[in-house]
Amino acid sequence: MHARQGAPGSRWRNTRILLLLLSGIVPAMSLPLGRASETETRTLAADISRDPSDLPGPLPRRAPKLVRIDLQAREIEGRLTDGATFRYWTFDGKVPGPFLRIRVGDTVEVHLLNEPGSRMVHSVDLHAAWGYSGGATLTQAAPGAEKVFTFRALNPGLYLYHCGTPVISQHIANGMYGLILVEPAAGLPKADREFYFMQGEIYTSGPFGASGPLASDLSKILQAQPDYFVFNGSVGSLLRHPLRARVGQKVRIYFGNAGPNFSSNLHALGAIFERIYEDGSIATPPMENSCSIFVPAGGAGFVEFVPKVPGTYPLVDHFFARQEKGLGGELLVTGPLDPTIIHEGNAR
Amino acid sequence: MHARQGAPGSRWRNTRILLLLLSGIVPAMSLPLGRASETETRTLAADISRDPSDLPGPLPRRAPKLVRIDLQAREIEGRLTDGATFRYWTFDGKVPGPFLRIRVGDTVEVHLLNEPGSRMVHSVDLHAAWGYSGGATLTQAAPGAEKVFTFRALNPGLYLYHCGTPVISQHIANGMYGLILVEPAAGLPKADREFYFMQGEIYTSGPFGASGPLASDLSKILQAQPDYFVFNGSVGSLLRHPLRARVGQKVRIYFGNAGPNFSSNLHALGAIFERIYEDGSIATPPMENSCSIFVPAGGAGFVEFVPKVPGTYPLVDHFFARQEKGLGGELLVTGPLDPTIIHEGNAR
Amino acid sequence: MHARQGAPGSRWRNTRILLLLLSGIVPAMSLPLGRASETETRTLAADISRDPSDLPGPLPRRAPKLVRIDLQAREIEGRLTDGATFRYWTFDGKVPGPFLRIRVGDTVEVHLLNEPGSRMVHSVDLHAAWGYSGGATLTQAAPGAEKVFTFRALNPGLYLYHCGTPVISQHIANGMYGLILVEPAAGLPKADREFYFMQGEIYTSGPFGASGPLASDLSKILQAQPDYFVFNGSVGSLLRHPLRARVGQKVRIYFGNAGPNFSSNLHALGAIFERIYEDGSIATPPMENSCSIFVPAGGAGFVEFVPKVPGTYPLVDHFFARQEKGLGGELLVTGPLDPTIIHEGNAR
């Protein structure tokens with residue numbers, strides 16, 4: 001396992017894993033840790049998982065303007081588990097691709113460069129764009145080629161983008177997806193902490209838990225039989241890169257479900273989502289106070305809440321069996337404990 | 001493949017299929033085209049798929065009145081794919097059954113005639129009716145018999161109707177379903193183009209892709225293991241009968257999911273659904289700006305949007321593996337291209 | 001089959017089963033009735049299914065106060081079908097656990113006693129509580145131990161609670177779940193009849209329909225391959241304990257889906273849900289007039305409607321194949337029939 005940012009060494013890490021195992025959020029069998037081949041794999045495989053705090057901040061209040069977006073299709077061998085690697089297809093080398101943030105009315109010039117080292121044609125379908133399958137039919141780029149198109153963002157919302165080259169579901173499953181936020185003219189309400197992560201399925205040549213380099217299995221993709229469910233592309237990514245906030249901060253999580261097939265019902269143990277923007281809709285008044293947000297494959301949404309208690313909030317899809325297939329993450333909250341909100345023992 | 005309405009011959013058709021294959025919306029393996037037995041099958045099998053523009057227009061503003069609805073249960077051998085036929089059970093010989101359109105407060109006299117040639121008992125359960133399982137317990141009709149009941153429509157909304165004879169899920173899977181719209185007193189907002197189509201599952205005696213006449217497989221139905229997912233009852237129906245509109249027209253799509261089991265997440269590539277009426281609810285303010293509408297089996301909903309760009313908008317369930325099992329369709333939009341909305345190349 | 005409360009004898013019961021079979025709601029194969037071993041099983045096995053009318057009434061209008069909740073983790077052999085028993089893990093000996101009803105602002109002292117006869121550690125995660133995984137990390141109780149924690153209810157809503165001891169999904173699947181309602185300060189609108197039931201999955205050592213005492217199968221749980229889908233923990237529970245109301249009464253159903261995996265789409269044949277509070281949210285204006293409520297695993301919601309016609313309203317998940325795996329129930333409505341709403345035959 002890679003060293004964690006800010007994690008105080010392996011003893012703490014092992015303690016945390018033990019606690020997770022005890023809590024049942026990450027059962028022992030779901031973590032293919034400490035295999036014989038681990039050391040070699042570790043040194044070879046890139047961490048393709050995007051840090052959930054890696055996203056641009058809110059846009060300044062401004063008039064619509066011309067915005068340029070550069071995306072690079074990159075095929076890269078990356079760490080799937082501590083014992084296995086996978087040939088990812090990515091935007092910009094990370095899963096998910098970059099969080100794109102524009103304003104309604106902006107004109108957006110999209111450049112898609114398919115790296116010369118690629119073996120496949122790639123493209124991009126932005127659900128925020130009208131026509132041409134969101135740009136997919138304008139951006140089919142052979143290895144080494146760059147394709148460009150320009151669109152105007154007409155509808156505020158949070159949208160998926162993904163590679164639109166056949167077999168599309170394979171390009172999605174292998175990692176080519178991200179979110180694009182089209183802010184309304186007045187922007188979104190202020191948040192203290194924003195996060196960005198996505199759920200996806202991975203279909204591998206070996207069974208769940210196999211070690212070594214794994215290939216993508218097209219027949220499993222076409223039969224909707226995934227081996228792994230992951231946040232941000234790899235097993236344990238949001239444990240290695242947890243979300244971090246302080247008590248009393250307003251947290252916003254942008255969450256997308258790339259699928260390519262299964263719905264997700266995101267839940268944070270110990271938290272209540274106080275405002276839920278379903279289906280990526282911004283204009284619709286948010287739902288208030290629910291424990292989960294339901295996001296079908298191909299969809300996105302965001303939630304807002306103020307953590308009231310310090311500690312660890314495990315992140316799960318409430319389809320619990322998927323925890324056995326790689327899903328899991330954490331929001332770590334620091335700050336003072338107000339015992340009137342929760343405490344061990346009798347009322348005082 | 002049958003000749004398409006208005007399609008300029010087989011060369012164009014083949015080009016279109018090629019484009020679809022390239023776009024990945026209809027992968028090669030999903031289209032059992034050009035089999036040896038095709039010619040024979042083609043001549044024998046009826047096209048049971050309803051054209052998505054086959055629905056009555058909005059009701060005039062009027063007081064509640066007495067309305068008579070006639071439904072005919074008809075068992076018919078129809079085209080499932082270009083190489084295979086299926087013994088459909090239908091309302092009025094098409095899948096889905098007719099789009100029923102009434103006004104809240106109307107008294108509705110429902111006549112269900114089960115054709116003399118039927119082998120099975122049939123009936124109808126209208127989700128818009130109160131009591132008697134929506135009329136199912138009042139309309140169990142043996143072959144040749146007619147059953148009648150009368151109900152008053154009390155709740156505006158878009159509702160499923162389906163055969164309510166055991167095993168219900170088999171009657172649904174074989175094609176006995178449709179939608180009934182109960183308009184509110186003030187009607188719905190005006191739309192320029194209205195469409196009507198439904199998703200369903202088909203369970204066949206042979207595996208996916210088998211040719212020849214196929215029977216319904218009850219054990220697969222009971223195990224929820226469909227061989228096909230289809231719009232309007234057959235593979236490619238909404239490619240042979242695409243939706244057609246012009247740039248700038250307000251389009252409304254009434255979409256139902258008959259199931260009998262699986263949820264759908266309808267999406268049109270290159271389009272944003274600008275108003276989404278979920279769960280068939282009319283009184284609830286619609287959701288704004290999302291790329292899909294989620295409809296569980298047994299449910300319905302409708303979406304509204306104004307296409308802003310000419311071209312082809314592929315219709316999919318964003319559970320992508322179902323494209324390999326027969327799902328797919330198209331909205332074809334004609335009219336002028338405004339390059340400020342989208343164009344190939346750099347910003348001008 | 002156990003004698004039903006208020007059922008007028010076995011002849012009526014058999015007639016009702018016949019009608020259900022005829023209606024297709026409960027196909028013959030879904031009811032493992034009348035097996036050789038039935039008599040013995042019947043005498044040995046407790047009825048663990050909670051009556052759907054077993055819930056506390058609305059709270060009086062009052063200021064926030066201190067409330068004590070006592071929960072007892074109890075492992076108990078109970079009737080799964082008429083031919084089979086199952087080792088249930090429960091709160092207070094019933095599935096679901098008690099309906100907990102508090103007011104926003106209340107301070108809640110939760111006592112979890114794990115019965116001395118238990119073999120497992122148990123705990124409780126209340127989705128209404130902030131931090132400590134909803135109390136799960138504060139209440140891991142060995143057999144015979146009691147754990148206590150205190151929390152303040154800050155967010156009105158309808159929430160799931162469940163055992164939070166690993167493997168969590170096994171503790172849920174075996175029966176450890178219930179709902180907690182946090183009423184807003186002004187309470188909920190008045191209802192004449194309130195009901196409470198939940199959907200769950202059961203994973204057994206034998207296949208569906210096996211008789212005798214059945215154990216929980218962890219590997220099926222981890223693979224999400226349930227043998228049974230049930231309301232209130234056992235096959236036929238809501239037929240033995242149907243919901244009962246009169247024409248014109250305002251009915252409210254609190255419905256939770258424990259999962260631990262699959263979504264539900266609850267529907268009552270012959271009824272329209274006139275107000276639907278999705279995702280357990282109370283502050284969000286309810287959806288109006290839909291035939292079903294969609295509840296993912298880990299979620300809850302409630303619906304309100306006024307039955308307008310006397311008779312039987314079968315309760316189903318509109319994923320129909322689950323009726324073959326044990327789901328089913330009934331709302332029985334008595335009172336006068338207004339023939340202007342529905343009647344057999346032509347309009348009068």
# chains A, B, ... in the order shown; residues from 1 in each chain; ligands from 1
>>> interface_residues(of="chain C", to="chain A", cutoff="6 Å", atoms="only C-alpha atoms", output="VMD selection string")
chain C and resid 130 to 134 148 to 152 166 to 168 222 224 260 to 261 279 281 284 298
>>> residues_around(residues="B:Asp125", least_positions_apart="6", cutoff="7 Å", atoms="only C-alpha atoms", output="JSON, numbers by chain")
{"B": [133, 134, 135, 136, 161, 162, 163, 164]}
>>> atom_distance(atom1="atom CA of A:Asn174", atom2="atom CA of B:Phe229")
24.3 Å
>>> select_by_dssp(residues="stretch 106-154 of chain A", states="helix (DSSP H, G or I)", output="compact mmCIF listing (two decimals) with N, CA, C and O atoms, in the first residue's frame")
# COMPACT_ATOMS: atom_id res chain seq x y z
N TYR A 132 -24.36 16.07 -31.78
CA TYR A 132 -23.14 15.31 -32.11
C TYR A 132 -22.76 14.35 -30.98
O TYR A 132 -21.58 14.17 -30.68
N SER A 133 -23.78 13.75 -30.34
CA SER A 133 -23.53 12.85 -29.21
C SER A 133 -22.57 13.49 -28.21
O SER A 133 -21.64 12.86 -27.72
N GLY A 134 -22.85 14.76 -27.91
CA GLY A 134 -22.06 15.47 -26.90
C GLY A 134 -20.63 15.73 -27.33
O GLY A 134 -19.76 15.98 -26.49
N GLY A 135 -20.38 15.65 -28.64
CA GLY A 135 -19.03 15.86 -29.16
C GLY A 135 -18.35 14.57 -29.58
O GLY A 135 -17.30 14.59 -30.21
N ALA A 136 -18.96 13.43 -29.25
CA ALA A 136 -18.28 12.15 -29.54
C ALA A 136 -18.05 11.96 -31.03
O ALA A 136 -17.00 11.45 -31.45
N THR A 137 -19.02 12.37 -31.85
CA THR A 137 -18.82 12.13 -33.29
C THR A 137 -17.84 13.14 -33.90
O THR A 137 -17.43 12.99 -35.04
N LEU A 138 -17.46 14.17 -33.13
CA LEU A 138 -16.50 15.16 -33.63
C LEU A 138 -15.08 14.91 -33.14
O LEU A 138 -14.14 15.61 -33.55
>>> closest_residue(among="C:Gly233, C:Pro242, C:Gly144, C:Gly335", to="C:Gly78", atoms="only C-alpha atoms")
C:Gly233
>>> select_by_dssp(residues="stretch 93-283 of chain A", states="strand (DSSP E)", output="PyMOL selection string")
chain A and resi 100-103+107-114+125-126+146-152+157-162+177-183+193-202+212-214+228-231+241-246+251-259+264-268+273-277
